[in-house]
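Asker: My structure is below; once you've seen it, I'll send some questions.
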Amino acid sequence: GSQPSIDFGVSGGELDKDTRAPSVVSFYKISPELGKAGDEVFEKIKALEALGNPTPDATRFLGTEEGRLCPLNGGWRLQFTTAADATFSANSTRGEAAISNVVDAVKGRVTNVIDFAPDTATGKMPVVEQLRVLIKPTALSPTRVGLRFLCAKARLRKLFGIPLPGGRRWRLTFPVPGPFLTKIIFAILRKPPPPMPYFEVAFLDEELRIHRTGEGNTFVQRRPSTTANAWA
C-alpha cells in the first residue's frame, strides 16, 4: 500500500510553516486507499473511547518514588499516528524507522526512541542508527501530561564519513532551547511563544495507550513484548 513520504522541516511536510509544530498527516492526500485505512483506525479509536477510559488517573505517581505504579510507566511501541514528525517511510530521505516511547515514572523522564532501519532496496545500514529525545514530563491533570524537551541524543556509525575502530559508535548530544530562551527568540521574532507541549490520555489499559497532543495529533501505542533497544 501507499506510504506517506515525509521529509525534514517545513518544505518536507514535517513541520507547520507558521507554528513549526508537527504537521497533521492528511492520509487522503497521499492516496484514497491510505485515507480509507486511516478512517478504519479512527473508527476503532472512537469505539474504544465510547467504552470509557479504564484508567481515569493515568498520571498517578508520575515523577515520584512510587513511579513504578504509574499506569504510563514502561515501554510503548508506536502503532499509528497522524503526526508528520513521527512518520517515517522507506520512500523518503528520512528512511524507515521503528518508533518507541519509554516512560520512566520514577525518574520523571520520557524518552522517544527512533531506530532507523537499513535501506530496503540495498540493505545499506543507515549512518544514524538511533535518535533519542529526552523529555521532562509534568502531570497537569489525571489525564494530561505537560512536556519539556531537554535534549536529543544520536548514535552514528560514522561522523563526516569517519567510523570508530572496533565497531564502536559516535554519540552526539544536542541541547533543546529551554522555555526562557524560547521566549527570547520569539520576542526577537515578534511572534507569540508556542504553548507548552502536552498530551491528553484518551484511553489507557495494560496493553494499549491512545493520546492526543496539543497540536491535535493522535498516537496509538502498544506495550511491546520486549523493551526498546538498549542505549549500548
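Letters A, B, ... go to the chains of the C-alpha cells in the order shown; residues in each chain start at 1; ligands are counted from 1 in the same order.
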Run DSSP on the backbone of this structure and report the residues of range 33-82 of chain A it assigns to strand (DSSP E), as a PDB file with all heavy atoms, in the first residue's frame.
Answerer:
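Generated output (part07.pdb):
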```
ATOM      1  N   GLY A  74       6.864   2.530  31.757  1.00  0.00           N
ATOM      2  CA  GLY A  74       7.334   1.422  30.932  1.00  0.00           C
ATOM      3  C   GLY A  74       7.481   1.785  29.472  1.00  0.00           C
ATOM      4  O   GLY A  74       7.432   2.949  29.073  1.00  0.00           O
ATOM      5  N   GLY A  75       7.676   0.744  28.661  1.00  0.00           N
ATOM      6  CA  GLY A  75       7.910   0.931  27.237  1.00  0.00           C
ATOM      7  C   GLY A  75       6.635   0.841  26.417  1.00  0.00           C
ATOM      8  O   GLY A  75       5.719   0.087  26.743  1.00  0.00           O
ATOM      9  N   TRP A  76       6.587   1.620  25.321  1.00  0.00           N
ATOM     10  CA  TRP A  76       5.450   1.637  24.399  1.00  0.00           C
ATOM     11  C   TRP A  76       5.985   1.693  22.971  1.00  0.00           C
ATOM     12  O   TRP A  76       6.954   2.392  22.696  1.00  0.00           O
ATOM     13  CB  TRP A  76       4.562   2.857  24.652  1.00  0.00           C
ATOM     14  CG  TRP A  76       3.985   2.918  26.036  1.00  0.00           C
ATOM     15  CD1 TRP A  76       4.555   3.501  27.143  1.00  0.00           C
ATOM     16  CD2 TRP A  76       2.747   2.367  26.461  1.00  0.00           C
ATOM     17  NE1 TRP A  76       3.741   3.345  28.230  1.00  0.00           N
ATOM     18  CE2 TRP A  76       2.608   2.657  27.840  1.00  0.00           C
ATOM     19  CE3 TRP A  76       1.738   1.661  25.819  1.00  0.00           C
ATOM     20  CZ2 TRP A  76       1.511   2.259  28.580  1.00  0.00           C
ATOM     21  CZ3 TRP A  76       0.625   1.267  26.550  1.00  0.00           C
ATOM     22  CH2 TRP A  76       0.525   1.567  27.922  1.00  0.00           C
ATOM     23  N   ARG A  77       5.330   0.962  22.073  1.00  0.00           N
ATOM     24  CA  ARG A  77       5.749   0.972  20.672  1.00  0.00           C
ATOM     25  C   ARG A  77       4.631   1.581  19.815  1.00  0.00           C
ATOM     26  O   ARG A  77       3.461   1.223  19.944  1.00  0.00           O
ATOM     27  CB  ARG A  77       6.069  -0.447  20.185  1.00  0.00           C
ATOM     28  CG  ARG A  77       6.739  -0.480  18.814  1.00  0.00           C
ATOM     29  CD  ARG A  77       7.304  -1.846  18.505  1.00  0.00           C
ATOM     30  NE  ARG A  77       8.387  -2.213  19.398  1.00  0.00           N
ATOM     31  CZ  ARG A  77       9.645  -1.810  19.250  1.00  0.00           C
ATOM     32  NH1 ARG A  77       9.967  -1.003  18.260  1.00  0.00           N
ATOM     33  NH2 ARG A  77      10.577  -2.209  20.093  1.00  0.00           N
ATOM     34  N   LEU A  78       5.025   2.512  18.958  1.00  0.00           N
ATOM     35  CA  LEU A  78       4.053   3.229  18.130  1.00  0.00           C
ATOM     36  C   LEU A  78       3.393   2.297  17.115  1.00  0.00           C
ATOM     37  O   LEU A  78       4.068   1.564  16.391  1.00  0.00           O
ATOM     38  CB  LEU A  78       4.750   4.377  17.405  1.00  0.00           C
ATOM     39  CG  LEU A  78       3.850   5.282  16.560  1.00  0.00           C
ATOM     40  CD1 LEU A  78       2.870   6.048  17.442  1.00  0.00           C
ATOM     41  CD2 LEU A  78       4.697   6.260  15.740  1.00  0.00           C
ATOM     42  N   GLN A  79       2.054   2.355  17.052  1.00  0.00           N
ATOM     43  CA  GLN A  79       1.279   1.571  16.091  1.00  0.00           C
ATOM     44  C   GLN A  79       0.663   2.450  15.009  1.00  0.00           C
ATOM     45  O   GLN A  79       0.536   2.016  13.860  1.00  0.00           O
ATOM     46  CB  GLN A  79       0.152   0.823  16.825  1.00  0.00           C
ATOM     47  CG  GLN A  79       0.625  -0.082  17.954  1.00  0.00           C
ATOM     48  CD  GLN A  79       1.470  -1.229  17.470  1.00  0.00           C
ATOM     49  OE1 GLN A  79       1.056  -2.008  16.613  1.00  0.00           O
ATOM     50  NE2 GLN A  79       2.679  -1.353  18.013  1.00  0.00           N
ATOM     51  N   PHE A  80       0.291   3.665  15.373  1.00  0.00           N
ATOM     52  CA  PHE A  80      -0.387   4.566  14.430  1.00  0.00           C
ATOM     53  C   PHE A  80      -0.238   5.994  14.927  1.00  0.00           C
ATOM     54  O   PHE A  80      -0.267   6.238  16.138  1.00  0.00           O
ATOM     55  CB  PHE A  80      -1.874   4.204  14.333  1.00  0.00           C
ATOM     56  CG  PHE A  80      -2.694   5.192  13.543  1.00  0.00           C
ATOM     57  CD1 PHE A  80      -2.768   5.098  12.162  1.00  0.00           C
ATOM     58  CD2 PHE A  80      -3.386   6.219  14.186  1.00  0.00           C
ATOM     59  CE1 PHE A  80      -3.521   6.021  11.429  1.00  0.00           C
ATOM     60  CE2 PHE A  80      -4.145   7.125  13.463  1.00  0.00           C
ATOM     61  CZ  PHE A  80      -4.214   7.029  12.076  1.00  0.00           C
ATOM     62  N   THR A  81      -0.071   6.928  13.989  1.00  0.00           N
ATOM     63  CA  THR A  81      -0.053   8.347  14.357  1.00  0.00           C
ATOM     64  C   THR A  81      -0.418   9.208  13.166  1.00  0.00           C
ATOM     65  O   THR A  81      -0.237   8.803  12.010  1.00  0.00           O
ATOM     66  CB  THR A  81       1.326   8.772  14.888  1.00  0.00           C
ATOM     67  OG1 THR A  81       1.253  10.127  15.354  1.00  0.00           O
ATOM     68  CG2 THR A  81       2.403   8.683  13.805  1.00  0.00           C
TER      69      THR A  81
END
```
Asker: What does the structure give for the distance between CA of Gly67 in chain A and CA of Val103 in chain A, in Å to one decimal?
Answerer: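 Calculated distance between CA of Gly67 in chain A and CA of Val103 in chain A is 9.6 Å.
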Asker: Calculated over only C-alpha atoms, which of the candidates A:Arg222, A:Lys29, A:His211, A:Lys46 has the smallest distance to Thr143 in chain A?
Answerer: A:His211
Asker: Which residues are close to Pro175 in chain A, i.e. within 12 Å by only C-alpha atoms, leaving aside same-chain residues fewer than 5 positions away? Reply as a list of chain:residue names.
Answerer: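 In the requested format, the answer is A:Arg132, A:Val133, A:Leu134, A:Ile135, A:Arg148, A:Phe149, A:Leu150, A:Cys151, A:Ala152, A:Lys153, A:Ala154, A:Leu181.
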Asker: Would you list the contacts of Arg60 in chain A as a PyMOL selection string, taking every protein, DNA or RNA residue within 7 Å and counting only C-alpha atoms, but skipping same-chain residues closer than 2 positions in sequence?
Answerer: chain A and resi 57-58+62+70+142
Asker: Next, dump the selected residues to file, keeping only N, CA and C atoms, as a JSON list (two decimals), in the first residue's frame.
Answerer:
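Listing of again.json after writing:
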```
[["chain", "number", "residue", "atom", "x", "y", "z"],
["A", 57, "ASP", "N", -7.03, 7.92, 36.01],
["A", 57, "ASP", "CA", -5.93, 8.62, 36.68],
["A", 57, "ASP", "C", -4.60, 8.13, 36.12],
["A", 58, "ALA", "N", -4.39, 8.42, 34.84],
["A", 58, "ALA", "CA", -3.22, 7.89, 34.13],
["A", 58, "ALA", "C", -1.90, 8.44, 34.64],
["A", 62, "LEU", "N", 3.33, 9.73, 38.69],
["A", 62, "LEU", "CA", 4.32, 10.16, 37.71],
["A", 62, "LEU", "C", 5.35, 11.08, 38.36],
["A", 70, "CYS", "N", 2.85, 3.86, 38.34],
["A", 70, "CYS", "CA", 2.17, 4.77, 37.41],
["A", 70, "CYS", "C", 1.69, 3.97, 36.19],
["A", 142, "PRO", "N", -5.21, 14.46, 35.90],
["A", 142, "PRO", "CA", -5.17, 13.00, 35.90],
["A", 142, "PRO", "C", -4.93, 12.37, 34.53]]
```
Asker: Between A:Arg171, A:Arg155, A:Arg144, A:Lys107, which is the closest to Gly214 in chain A once you count only C-alpha atoms?
Answerer: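 For Gly214 in chain A, the nearest of the given residues is A:Arg144.
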